[in-house]
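J.: mmCIF, C-alpha atoms, saved as run01.cif, coming up:
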```cif
data_my_file
#
loop_
_atom_site.label_atom_id
_atom_site.label_comp_id
_atom_site.auth_asym_id
_atom_site.auth_seq_id
_atom_site.Cartn_x
_atom_site.Cartn_y
_atom_site.Cartn_z
CA MET Y 1013 36.15 -3.27 -0.09
CA ALA Y 1014 34.64 -6.73 -0.51
CA THR Y 1015 32.30 -6.10 2.43
CA HIS Y 1016 31.20 -2.78 0.99
CA PHE Y 1017 30.64 -4.42 -2.39
CA ARG Y 1018 28.48 -7.14 -0.84
CA VAL Y 1019 26.43 -4.55 1.07
CA ASN Y 1020 25.89 -2.52 -2.09
CA VAL Y 1021 24.82 -5.63 -3.98
CA ILE Y 1022 22.33 -6.49 -1.22
CA PHE Y 1023 20.86 -2.98 -1.29
CA LEU Y 1024 20.58 -3.09 -5.07
CA TRP Y 1025 18.88 -6.48 -4.91
CA LEU Y 1026 16.41 -5.25 -2.29
CA ALA Y 1027 15.64 -2.15 -4.35
CA PHE Y 1028 15.04 -4.32 -7.41
CA ALA Y 1029 12.83 -6.71 -5.44
CA LEU Y 1030 10.72 -3.87 -4.05
CA SER Y 1031 10.42 -2.36 -7.50
CA ALA Y 1032 9.37 -5.69 -8.96
CA LEU Y 1033 6.81 -6.15 -6.18
CA SER Y 1034 5.36 -2.74 -6.92
CA ILE Y 1035 5.09 -3.55 -10.60
CA CYS Y 1036 3.44 -6.91 -9.88
CA ARG Y 1037 0.93 -5.34 -7.52
CA GLY Y 1038 0.35 -2.47 -9.88
CA ALA Y 1039 -1.24 0.82 -9.02
CA VAL Y 1040 -4.85 1.90 -8.93
CA SER Y 1041 -4.06 4.50 -11.61
CA ASP Y 1042 -2.92 1.71 -13.96
CA ILE Y 1043 -6.48 0.33 -13.92
CA ALA Y 1044 -8.68 3.35 -13.21
CA THR Y 1045 -7.07 5.73 -15.66
CA GLN Y 1046 -7.90 9.37 -16.27
CA ASP Y 1047 -9.75 8.34 -19.43
CA PHE Y 1048 -11.83 5.79 -17.51
CA PHE Y 1049 -12.73 8.40 -14.88
CA ASN Y 1050 -13.58 10.98 -17.52
CA GLY Y 1051 -15.79 8.43 -19.25
CA ILE Y 1052 -17.98 8.18 -16.14
CA LEU Y 1053 -18.01 11.92 -15.57
CA SER Y 1054 -18.93 12.61 -19.19
CA ALA Y 1055 -22.16 10.64 -18.74
CA ALA Y 1056 -23.35 13.16 -16.15
CA THR Y 1057 -25.58 15.87 -17.54
CA ASP Y 1058 -24.34 19.43 -17.88
CA GLY Y 1059 -25.00 21.51 -14.80
CA CYS Y 1060 -24.41 18.64 -12.38
CA ALA Y 1061 -22.58 19.74 -9.23
CA GLY Y 1062 -20.30 16.72 -9.50
CA LYS Y 1063 -18.97 17.82 -12.89
CA THR Y 1064 -16.86 20.50 -11.25
CA PHE Y 1065 -16.46 18.83 -7.83
CA TYR Y 1066 -15.17 15.30 -8.38
CA THR Y 1067 -11.63 15.10 -9.75
CA TYR Y 1068 -9.40 12.23 -10.80
CA THR Y 1069 -6.42 13.63 -8.90
CA ASP Y 1070 -8.30 13.68 -5.59
CA PHE Y 1071 -9.58 10.15 -6.19
CA ILE Y 1072 -6.04 8.85 -6.77
CA ASN Y 1073 -4.68 10.73 -3.75
CA ALA Y 1074 -7.48 9.32 -1.60
CA ALA Y 1075 -6.92 5.80 -2.95
CA ASN Y 1076 -3.24 6.05 -2.06
CA SER Y 1077 -4.30 6.54 1.58
CA PHE Y 1078 -5.81 3.04 1.57
CA SER Y 1079 -2.99 0.71 0.62
CA SER Y 1080 -5.16 -2.41 0.29
CA PHE Y 1081 -7.58 -0.88 -2.20
CA GLY Y 1082 -7.18 -2.33 -5.69
CA THR Y 1083 -3.62 -3.54 -5.09
CA THR Y 1084 -3.50 -6.60 -2.85
CA GLY Y 1085 -5.11 -9.29 -4.98
CA THR Y 1086 -4.35 -10.81 -8.34
CA SER Y 1087 -4.53 -8.54 -11.36
CA ASP Y 1088 -8.09 -9.75 -12.03
CA ASP Y 1089 -9.07 -9.30 -8.37
CA ASN Y 1090 -7.82 -5.72 -8.43
CA LYS Y 1091 -9.69 -4.93 -11.63
CA ARG Y 1092 -12.90 -6.40 -10.25
CA GLU Y 1093 -12.57 -4.44 -7.03
CA ILE Y 1094 -12.06 -1.12 -8.79
CA ALA Y 1095 -14.89 -1.91 -11.21
CA ALA Y 1096 -17.14 -2.77 -8.25
CA PHE Y 1097 -16.23 0.41 -6.39
CA PHE Y 1098 -16.97 2.67 -9.35
CA ALA Y 1099 -20.13 0.73 -10.25
CA ASN Y 1100 -21.56 1.56 -6.84
CA VAL Y 1101 -20.26 5.14 -7.06
CA ALA Y 1102 -21.85 5.60 -10.50
CA HIS Y 1103 -25.16 4.30 -9.18
CA GLU Y 1104 -25.14 6.36 -5.97
CA THR Y 1105 -24.20 9.60 -7.75
CA THR Y 1106 -25.73 9.03 -11.19
CA ASN Y 1107 -22.38 8.99 -12.96
CA LEU Y 1108 -20.70 11.44 -10.59
CA CYS Y 1109 -23.48 13.98 -11.07
CA TYR Y 1110 -24.67 14.36 -7.48
CA VAL Y 1111 -22.56 15.41 -4.52
CA GLU Y 1112 -25.47 15.57 -2.08
CA GLU Y 1113 -28.58 13.45 -1.71
CA ILE Y 1114 -31.68 14.84 -3.39
CA ALA Y 1115 -34.17 13.90 -0.65
CA LYS Y 1116 -32.38 15.46 2.29
CA SER Y 1117 -33.23 14.50 5.87
CA ASP Y 1118 -31.56 14.61 9.28
CA TYR Y 1119 -30.68 10.88 9.33
CA CYS Y 1120 -29.99 11.27 13.04
CA ASP Y 1121 -29.89 8.17 15.22
CA SER Y 1122 -30.53 9.69 18.63
CA THR Y 1123 -29.73 6.38 20.35
CA ASN Y 1124 -26.10 6.53 19.25
CA THR Y 1125 -24.18 7.84 22.24
CA GLN Y 1126 -20.71 7.33 20.74
CA TYR Y 1127 -21.42 9.70 17.87
CA PRO Y 1128 -24.34 11.88 19.02
CA CYS Y 1129 -25.89 14.20 16.48
CA ALA Y 1130 -24.63 17.76 16.58
CA SER Y 1131 -27.22 20.47 16.94
CA GLY Y 1132 -28.36 21.86 13.61
CA GLN Y 1133 -26.51 19.29 11.51
CA GLN Y 1134 -27.96 16.87 8.99
CA TYR Y 1135 -26.38 13.56 8.06
CA TYR Y 1136 -27.94 12.90 4.66
CA GLY Y 1137 -25.98 11.27 1.84
CA ARG Y 1138 -22.90 13.07 0.59
CA GLY Y 1139 -19.95 12.10 -1.57
CA PRO Y 1140 -19.19 9.25 -4.00
CA LEU Y 1141 -20.88 6.57 -1.87
CA GLN Y 1142 -23.35 8.97 -0.25
CA LEU Y 1143 -22.12 8.70 3.34
CA THR Y 1144 -25.23 8.70 5.53
CA GLY Y 1145 -26.06 8.81 9.26
CA ASN Y 1146 -24.34 10.30 12.28
CA ALA Y 1147 -22.68 6.98 13.12
CA ASN Y 1148 -20.93 6.87 9.76
CA TYR Y 1149 -19.98 10.54 9.78
CA GLY Y 1150 -18.60 10.22 13.29
CA ALA Y 1151 -16.63 7.03 12.63
CA ALA Y 1152 -15.30 8.24 9.28
CA GLY Y 1153 -14.23 11.53 10.84
CA THR Y 1154 -12.42 9.76 13.66
CA TYR Y 1155 -10.54 7.56 11.18
CA LEU Y 1156 -9.68 10.42 8.83
CA GLY Y 1157 -8.88 12.98 11.50
CA ALA Y 1158 -11.70 15.35 10.52
CA ASP Y 1159 -14.62 16.51 12.65
CA LEU Y 1160 -17.35 15.30 10.33
CA LEU Y 1161 -19.84 14.91 13.16
CA ASN Y 1162 -19.92 18.66 13.74
CA ASN Y 1163 -19.21 19.54 10.12
CA PRO Y 1164 -20.79 16.89 7.86
CA GLY Y 1165 -20.98 19.44 5.07
CA LEU Y 1166 -17.22 19.11 4.57
CA VAL Y 1167 -17.89 15.90 2.63
CA ALA Y 1168 -19.68 17.99 0.01
CA GLN Y 1169 -17.18 20.86 0.15
CA ASP Y 1170 -13.77 19.18 -0.03
CA ASP Y 1171 -13.31 16.64 -2.83
CA LEU Y 1172 -10.34 14.83 -1.26
CA THR Y 1173 -12.25 14.33 2.00
CA SER Y 1174 -15.25 13.20 -0.02
CA TRP Y 1175 -13.30 10.42 -1.80
CA LYS Y 1176 -11.65 9.42 1.47
CA THR Y 1177 -15.02 8.90 3.16
CA ALA Y 1178 -16.10 6.64 0.28
CA LEU Y 1179 -12.89 4.63 0.46
CA TRP Y 1180 -13.13 4.47 4.25
CA PHE Y 1181 -16.59 2.97 3.93
CA TRP Y 1182 -15.41 0.53 1.26
CA ASN Y 1183 -12.23 -0.63 3.00
CA VAL Y 1184 -12.84 -0.11 6.70
CA ASN Y 1185 -16.49 0.21 7.66
CA SER Y 1186 -18.06 -2.44 5.43
CA ASN Y 1187 -16.96 -5.76 4.02
CA CYS Y 1188 -16.89 -4.49 0.43
CA HIS Y 1189 -13.12 -4.82 -0.02
CA THR Y 1190 -13.03 -8.28 1.54
CA ALA Y 1191 -16.15 -9.44 -0.27
CA ILE Y 1192 -14.99 -8.59 -3.77
CA THR Y 1193 -11.40 -9.78 -3.29
CA SER Y 1194 -12.32 -13.06 -1.60
CA GLY Y 1195 -14.69 -14.21 -4.33
CA GLN Y 1196 -18.02 -13.48 -2.65
CA GLY Y 1197 -19.05 -11.57 -5.74
CA PHE Y 1198 -20.35 -8.13 -6.63
CA GLY Y 1199 -23.70 -8.83 -5.01
CA ALA Y 1200 -22.05 -8.80 -1.59
CA THR Y 1201 -21.00 -5.17 -2.12
CA ILE Y 1202 -24.61 -4.20 -2.87
CA GLN Y 1203 -25.66 -6.02 0.28
CA ALA Y 1204 -23.10 -4.08 2.32
CA ILE Y 1205 -24.04 -0.70 0.90
CA ASN Y 1206 -27.84 -0.82 0.69
CA GLY Y 1207 -28.89 -4.42 1.13
CA ALA Y 1208 -31.72 -3.81 3.57
CA ILE Y 1209 -33.53 -1.70 0.98
CA GLU Y 1210 -32.50 -3.14 -2.39
CA CYS Y 1211 -31.69 -6.83 -1.93
CA ASN Y 1212 -33.97 -9.87 -1.76
CA GLY Y 1213 -36.41 -8.31 -4.22
CA GLY Y 1214 -36.59 -4.94 -2.46
CA LYS Y 1215 -35.61 -2.74 -5.41
CA PRO Y 1216 -34.54 -4.94 -8.32
CA ASP Y 1217 -34.22 -2.02 -10.75
CA GLN Y 1218 -31.58 -0.40 -8.54
CA VAL Y 1219 -29.71 -3.69 -8.13
CA ASN Y 1220 -29.75 -4.19 -11.88
CA ASP Y 1221 -28.43 -0.67 -12.45
CA ARG Y 1222 -25.45 -1.40 -10.19
CA ILE Y 1223 -24.82 -4.69 -11.98
CA SER Y 1224 -25.02 -2.99 -15.38
CA HIS Y 1225 -22.32 -0.48 -14.36
CA TYR Y 1226 -20.18 -3.27 -12.92
CA THR Y 1227 -20.27 -5.52 -15.99
CA ASN Y 1228 -19.60 -2.50 -18.20
CA TYR Y 1229 -16.51 -1.51 -16.21
CA CYS Y 1230 -15.26 -5.10 -16.03
CA SER Y 1231 -15.54 -5.21 -19.81
CA GLN Y 1232 -13.52 -1.99 -20.08
CA PHE Y 1233 -10.85 -3.51 -17.83
CA GLY Y 1234 -10.84 -6.79 -19.75
CA VAL Y 1235 -11.80 -8.97 -16.80
CA ASP Y 1236 -14.56 -11.50 -16.20
CA PRO Y 1237 -17.09 -10.08 -13.68
CA GLY Y 1238 -17.29 -13.40 -11.84
CA SER Y 1239 -20.36 -14.98 -10.27
CA ASN Y 1240 -22.88 -13.92 -7.60
CA LEU Y 1241 -23.54 -10.55 -9.19
CA SER Y 1242 -26.92 -9.96 -7.59
CA CYS Y 1243 -28.24 -9.99 -4.05
#
```
If you convert what's in this file into structure tokens, what do you get?
T.:
Amino acid sequence: MATHFRVNVIFLWLAFALSALSICRGAVSDIATQDFFNGILSAATDGCAGKTFYTYTDFINAANSFSSFGTTGTSDDNKREIAAFFANVAHETTNLCYVEEIAKSDYCDSTNTQYPCASGQQYYGRGPLQLTGNANYGAAGTYLGADLLNNPGLVAQDDLTSWKTALWFWNVNSNCHTAITSGQGFGATIQAINGAIECNGGKPDQVNDRISHYTNYCSQFGVDPGSNLSC
């Protein structure tokens, strides 16, 4: 009996410890609430494709597939990361209005032999972070278990897949997650997403738009945005 009692106590202690760890880490939904998400979506004009495409539920389900996103740092780190993610999403999609890029093109890199372009397919920007290029579609599809190289349109047809491609880019393909959680600042996420075009004086208005979204969301989350906001 004493042995069984000790075992039960150990299991209870472990369950409590895991529960406490979960509470300390928090959840993405504790920061990016339904109201926060709706606030972004409400800024999109009526008639936008994203109004009926992007959903909070699919975002949360996608976020849960990337365990490091918005959960592994301090409370302030997590808030800044989620603010940074949505700041870039809001800029890329004009407040979740656009699902597909306006100026469509093939975006085919014919020199990429690992992820060669499929006949008849175009790899223009789609989804919350406007996934672009056959290399990104191919790599994202491999990671997510979806044939996005031969069916890039799925990113604009299935909302859950769409959010997953954005979170794949943020957490896996670029240094966005590492940059914002290690103190490099919001500017490093701009550099990772579109630095060659926007940074170093390339398109200051676009950089400033991203920063404006970021500082707004940080304010909503009650966290200091930190330094190195620009690129």
J.: Using the chain letters and residue numbers of this document, give as a list in words the residues selected by the PyMOL selection byres ((chain Y and resi 1203) around 10).
T.: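 Checked against the file, the PyMOL selection byres ((chain Y and resi 1203) around 10) matches Ser1186, Asn1187, Cys1188, Phe1198, Gly1199, Ala1200, Thr1201, Ile1202, Ala1204, Ile1205, Asn1206, Gly1207, Ala1208, Ile1209, Glu1210, Cys1211, Asn1212, Val1219, Ser1242 and Cys1243 of chain Y.
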J.: Would you kindly translate the PyMOL selection byres ((chain Y and resi 1127) around 7) into the concrete residues it picks from this file, as an MDAnalysis selection string?
T.: chainID Y and resid 1124:1126 1128:1129 1146:1147 1150
J.: Provide the CA of Ser1239 in chain Y to CA of Ser1080 in chain Y distance in Å, to one decimal place.
T.: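 The value is 22.4 Å.
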J.: As a check of understanding, name the residues that the PyMOL selection byres ((chain Y and resi 1096) around 9) selects in the supplied structure, as a VMD selection string.
T.: chain Y and resid 1091 to 1095 1097 to 1101 1188 1192 1198 1201 1222 to 1223 1225 to 1227 1229 to 1230
J.: If you count all atoms listed in the file, which residues fall within 10 Å of Asn1148 in chain Y, apart from same-chain ones fewer than 5 positions away, as a list in words?
T.: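 Using all atoms listed in the file, the neighbours found are Tyr1127, Tyr1135, Leu1143, Gly1153, Thr1154, Leu1160, Leu1161, Thr1177, Trp1180, Phe1181 and Asn1185 of chain Y.
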J.: Can I get the selection written as a PDB file, keeping the file's coordinate frame, with C-alpha atoms?
T.:
```pdb
ATOM      1  CA  TYR Y1127     -21.420   9.700  17.870  1.00  0.00           C
ATOM      2  CA  TYR Y1135     -26.380  13.560   8.060  1.00  0.00           C
ATOM      3  CA  LEU Y1143     -22.120   8.700   3.340  1.00  0.00           C
ATOM      4  CA  GLY Y1153     -14.230  11.530  10.840  1.00  0.00           C
ATOM      5  CA  THR Y1154     -12.420   9.760  13.660  1.00  0.00           C
ATOM      6  CA  LEU Y1160     -17.350  15.300  10.330  1.00  0.00           C
ATOM      7  CA  LEU Y1161     -19.840  14.910  13.160  1.00  0.00           C
ATOM      8  CA  THR Y1177     -15.020   8.900   3.160  1.00  0.00           C
ATOM      9  CA  TRP Y1180     -13.130   4.470   4.250  1.00  0.00           C
ATOM     10  CA  PHE Y1181     -16.590   2.970   3.930  1.00  0.00           C
ATOM     11  CA  ASN Y1185     -16.490   0.210   7.660  1.00  0.00           C
TER      12      ASN Y1185
END
```
J.: Would you compute the distance between CA of Leu1172 in chain Y and CA of Phe1071 in chain Y? Give it in Å to one decimal.
T.: 6.8 Å
J.: Considering only C-alpha atoms, state which residue in the set Y:Ser1231, Y:Asn1162, Y:Asn1107, Y:Ser1122 is at the smallest distance from Ala1055 in chain Y.
T.: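 Distance minimum relative to Ala1055 in chain Y lands on Y:Asn1107.
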J.: So what do you get for CA of Pro1216 in chain Y versus CA of Glu1104 in chain Y, distance-wise?
T.: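 Separation of CA of Pro1216 in chain Y and CA of Glu1104 in chain Y: 14.9 Å.
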J.: Find the residue from Y:Ala1056, Y:Ala1115, Y:Ala1074, Y:Ala1130 that sits nearest to His1103 in chain Y; use only C-alpha atoms when measuring.
T.: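 Nearest candidate to His1103 in chain Y out of Y:Ala1056, Y:Ala1115, Y:Ala1074, Y:Ala1130: Y:Ala1056.
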J.: From the list Y:Ala1168, Y:Ala1061, Y:Ala1158, Y:Ala1178, which residue is nearest Tyr1136 in chain Y when using only C-alpha atoms?
T.: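 Smallest distance to Tyr1136 in chain Y is found for Y:Ala1168.
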J.: With a distance cut-off of 12 Å and only C-alpha atoms, select the neighbouring residues of Thr1067 in chain Y, excluding the residue or stretch itself and same-chain residues fewer than 5 positions from it, and output the selection as a VMD selection string.
T.: chain Y and resid 1045 to 1047 1049 to 1050 1052 to 1053 1061 to 1062 1072 to 1074 1108 to 1109 1140 1170 to 1175
J.: So which one's closest to Ser1079 in chain Y, Y:Lys1215, Y:Arg1138, Y:Lys1063, Y:His1189? Using all atoms listed in the file, please.
T.: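 Among the listed residues, the smallest separation from Ser1079 in chain Y belongs to Y:His1189.
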J.: For Thr1193 in chain Y, list every protein, DNA or RNA residue within 8 Å, evaluated using all atoms listed in the file, and leave out those in the same chain fewer than 2 positions away; present the list as an mmCIF file with C-alpha atoms, keeping the file's coordinate frame.
T.:
```
data_model
loop_
_atom_site.group_PDB
_atom_site.id
_atom_site.type_symbol
_atom_site.label_atom_id
_atom_site.label_comp_id
_atom_site.auth_asym_id
_atom_site.auth_seq_id
_atom_site.Cartn_x
_atom_site.Cartn_y
_atom_site.Cartn_z
ATOM 1 C CA GLY Y 1085 -5.110 -9.290 -4.980
ATOM 2 C CA ASP Y 1089 -9.070 -9.300 -8.370
ATOM 3 C CA ASN Y 1090 -7.820 -5.720 -8.430
ATOM 4 C CA ARG Y 1092 -12.900 -6.400 -10.250
ATOM 5 C CA GLU Y 1093 -12.570 -4.440 -7.030
ATOM 6 C CA HIS Y 1189 -13.120 -4.820 -0.020
ATOM 7 C CA THR Y 1190 -13.030 -8.280 1.540
ATOM 8 C CA ALA Y 1191 -16.150 -9.440 -0.270
ATOM 9 C CA GLY Y 1195 -14.690 -14.210 -4.330
ATOM 10 C CA GLN Y 1196 -18.020 -13.480 -2.650
#
```
J.: First collect every listed atom of range 1212-1225 of chain Y; then fit an axis-aligned box around them, widen it by 6 Å on each side, and give centre and edge lengths in Å to one decimal, as lines of an AutoDock Vina configuration file.
T.:
```
center_x = -29.5
center_y = -5.1
center_z = -8.6
size_x = 26.3
size_y = 21.5
size_z = 25.6
```
J.: Calculated over all atoms listed in the file, which of the candidates Y:Gln1134, Y:Thr1123, Y:Thr1083, Y:Asn1240 has the smallest distance to Gly1197 in chain Y?
T.: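 With all atoms listed in the file as the atom set, the closest residue is Y:Asn1240.
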J.: With distances taken over all atoms listed in the file, which of Y:Thr1106, Y:Ser1117, Y:Asn1228, Y:Thr1057 is nearest to Gly1132 in chain Y?
T.: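 Smallest separation from Gly1132 in chain Y among the options: Y:Ser1117.
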J.: Extract, using all atoms listed in the file, all DNA, RNA and protein residues at most 9 Å from Phe1078 in chain Y, discarding same-chain residues fewer than 6 positions from it, and format them as a list of chain:residue names.
T.: Y:Lys1176, Y:Leu1179, Y:Trp1180, Y:Asn1183
J.: Given the block above, output range 1214-1237 of chain Y with N, CA, C and O atoms as a PDB file, in the first residue's frame.
T.:
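Wrote it out as decode-v2.pdb, contents follow:
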```pdb
ATOM      1  N   GLY Y1214      15.208  50.806 -49.312  1.00  0.00           N
ATOM      2  CA  GLY Y1214      14.542  50.337 -50.534  1.00  0.00           C
ATOM      3  C   GLY Y1214      13.112  50.824 -50.656  1.00  0.00           C
ATOM      4  O   GLY Y1214      12.733  51.434 -51.650  1.00  0.00           O
ATOM      5  N   LYS Y1215      12.293  50.524 -49.642  1.00  0.00           N
ATOM      6  CA  LYS Y1215      10.894  50.953 -49.635  1.00  0.00           C
ATOM      7  C   LYS Y1215      10.520  51.339 -48.203  1.00  0.00           C
ATOM      8  O   LYS Y1215       9.867  50.566 -47.497  1.00  0.00           O
ATOM      9  N   PRO Y1216      10.937  52.517 -47.774  1.00  0.00           N
ATOM     10  CA  PRO Y1216      10.720  52.925 -46.383  1.00  0.00           C
ATOM     11  C   PRO Y1216       9.252  52.985 -45.982  1.00  0.00           C
ATOM     12  O   PRO Y1216       8.917  52.726 -44.822  1.00  0.00           O
ATOM     13  N   ASP Y1217       8.358  53.317 -46.905  1.00  0.00           N
ATOM     14  CA  ASP Y1217       6.936  53.388 -46.567  1.00  0.00           C
ATOM     15  C   ASP Y1217       6.402  52.010 -46.163  1.00  0.00           C
ATOM     16  O   ASP Y1217       5.581  51.898 -45.234  1.00  0.00           O
ATOM     17  N   GLN Y1218       6.867  50.970 -46.852  1.00  0.00           N
ATOM     18  CA  GLN Y1218       6.423  49.621 -46.517  1.00  0.00           C
ATOM     19  C   GLN Y1218       7.002  49.173 -45.177  1.00  0.00           C
ATOM     20  O   GLN Y1218       6.314  48.538 -44.365  1.00  0.00           O
ATOM     21  N   VAL Y1219       8.252  49.504 -44.936  1.00  0.00           N
ATOM     22  CA  VAL Y1219       8.874  49.187 -43.644  1.00  0.00           C
ATOM     23  C   VAL Y1219       8.109  49.878 -42.522  1.00  0.00           C
ATOM     24  O   VAL Y1219       7.798  49.269 -41.492  1.00  0.00           O
ATOM     25  N   ASN Y1220       7.796  51.141 -42.724  1.00  0.00           N
ATOM     26  CA  ASN Y1220       7.091  51.903 -41.697  1.00  0.00           C
ATOM     27  C   ASN Y1220       5.688  51.362 -41.451  1.00  0.00           C
ATOM     28  O   ASN Y1220       5.177  51.429 -40.318  1.00  0.00           O
ATOM     29  N   ASP Y1221       5.054  50.850 -42.492  1.00  0.00           N
ATOM     30  CA  ASP Y1221       3.728  50.249 -42.318  1.00  0.00           C
ATOM     31  C   ASP Y1221       3.816  49.008 -41.439  1.00  0.00           C
ATOM     32  O   ASP Y1221       2.976  48.802 -40.544  1.00  0.00           O
ATOM     33  N   ARG Y1222       4.829  48.194 -41.667  1.00  0.00           N
ATOM     34  CA  ARG Y1222       5.012  47.000 -40.825  1.00  0.00           C
ATOM     35  C   ARG Y1222       5.260  47.412 -39.372  1.00  0.00           C
ATOM     36  O   ARG Y1222       4.695  46.817 -38.440  1.00  0.00           O
ATOM     37  N   ILE Y1223       6.115  48.404 -39.185  1.00  0.00           N
ATOM     38  CA  ILE Y1223       6.438  48.867 -37.830  1.00  0.00           C
ATOM     39  C   ILE Y1223       5.199  49.425 -37.144  1.00  0.00           C
ATOM     40  O   ILE Y1223       4.976  49.189 -35.944  1.00  0.00           O
ATOM     41  N   SER Y1224       4.376  50.163 -37.884  1.00  0.00           N
ATOM     42  CA  SER Y1224       3.162  50.727 -37.316  1.00  0.00           C
ATOM     43  C   SER Y1224       2.234  49.628 -36.797  1.00  0.00           C
ATOM     44  O   SER Y1224       1.668  49.736 -35.700  1.00  0.00           O
ATOM     45  N   HIS Y1225       2.050  48.571 -37.590  1.00  0.00           N
ATOM     46  CA  HIS Y1225       1.237  47.431 -37.142  1.00  0.00           C
ATOM     47  C   HIS Y1225       1.851  46.803 -35.888  1.00  0.00           C
ATOM     48  O   HIS Y1225       1.135  46.494 -34.926  1.00  0.00           O
ATOM     49  N   TYR Y1226       3.165  46.637 -35.911  1.00  0.00           N
ATOM     50  CA  TYR Y1226       3.845  45.963 -34.799  1.00  0.00           C
ATOM     51  C   TYR Y1226       3.692  46.747 -33.498  1.00  0.00           C
ATOM     52  O   TYR Y1226       3.327  46.174 -32.461  1.00  0.00           O
ATOM     53  N   THR Y1227       3.951  48.025 -33.524  1.00  0.00           N
ATOM     54  CA  THR Y1227       3.849  48.821 -32.294  1.00  0.00           C
ATOM     55  C   THR Y1227       2.398  48.885 -31.813  1.00  0.00           C
ATOM     56  O   THR Y1227       2.143  48.915 -30.601  1.00  0.00           O
ATOM     57  N   ASN Y1228       1.458  48.898 -32.741  1.00  0.00           N
ATOM     58  CA  ASN Y1228       0.041  48.872 -32.372  1.00  0.00           C
ATOM     59  C   ASN Y1228      -0.304  47.579 -31.642  1.00  0.00           C
ATOM     60  O   ASN Y1228      -0.949  47.597 -30.584  1.00  0.00           O
ATOM     61  N   TYR Y1229       0.135  46.444 -32.186  1.00  0.00           N
ATOM     62  CA  TYR Y1229      -0.197  45.162 -31.572  1.00  0.00           C
ATOM     63  C   TYR Y1229       0.532  44.976 -30.238  1.00  0.00           C
ATOM     64  O   TYR Y1229      -0.033  44.412 -29.288  1.00  0.00           O
ATOM     65  N   CYS Y1230       1.764  45.452 -30.160  1.00  0.00           N
ATOM     66  CA  CYS Y1230       2.483  45.395 -28.878  1.00  0.00           C
ATOM     67  C   CYS Y1230       1.727  46.200 -27.823  1.00  0.00           C
ATOM     68  O   CYS Y1230       1.617  45.778 -26.664  1.00  0.00           O
ATOM     69  N   SER Y1231       1.210  47.333 -28.219  1.00  0.00           N
ATOM     70  CA  SER Y1231       0.432  48.157 -27.297  1.00  0.00           C
ATOM     71  C   SER Y1231      -0.816  47.417 -26.836  1.00  0.00           C
ATOM     72  O   SER Y1231      -1.165  47.441 -25.653  1.00  0.00           O
ATOM     73  N   GLN Y1232      -1.470  46.720 -27.757  1.00  0.00           N
ATOM     74  CA  GLN Y1232      -2.666  45.943 -27.395  1.00  0.00           C
ATOM     75  C   GLN Y1232      -2.319  44.821 -26.423  1.00  0.00           C
ATOM     76  O   GLN Y1232      -3.115  44.486 -25.536  1.00  0.00           O
ATOM     77  N   PHE Y1233      -1.121  44.259 -26.569  1.00  0.00           N
ATOM     78  CA  PHE Y1233      -0.698  43.158 -25.702  1.00  0.00           C
ATOM     79  C   PHE Y1233      -0.054  43.650 -24.408  1.00  0.00           C
ATOM     80  O   PHE Y1233       0.283  42.840 -23.536  1.00  0.00           O
ATOM     81  N   GLY Y1234       0.157  44.968 -24.309  1.00  0.00           N
ATOM     82  CA  GLY Y1234       0.758  45.526 -23.110  1.00  0.00           C
ATOM     83  C   GLY Y1234       2.225  45.195 -22.953  1.00  0.00           C
ATOM     84  O   GLY Y1234       2.691  44.928 -21.843  1.00  0.00           O
ATOM     85  N   VAL Y1235       2.977  45.226 -24.050  1.00  0.00           N
ATOM     86  CA  VAL Y1235       4.389  44.889 -24.015  1.00  0.00           C
ATOM     87  C   VAL Y1235       5.195  45.939 -24.768  1.00  0.00           C
ATOM     88  O   VAL Y1235       4.728  46.488 -25.773  1.00  0.00           O
ATOM     89  N   ASP Y1236       6.392  46.229 -24.273  1.00  0.00           N
ATOM     90  CA  ASP Y1236       7.285  47.151 -24.963  1.00  0.00           C
ATOM     91  C   ASP Y1236       7.753  46.518 -26.267  1.00  0.00           C
ATOM     92  O   ASP Y1236       8.149  45.354 -26.275  1.00  0.00           O
ATOM     93  N   PRO Y1237       7.744  47.246 -27.381  1.00  0.00           N
ATOM     94  CA  PRO Y1237       8.141  46.656 -28.673  1.00  0.00           C
ATOM     95  C   PRO Y1237       9.617  46.347 -28.788  1.00  0.00           C
ATOM     96  O   PRO Y1237      10.033  45.625 -29.694  1.00  0.00           O
TER      97      PRO Y1237
END
```
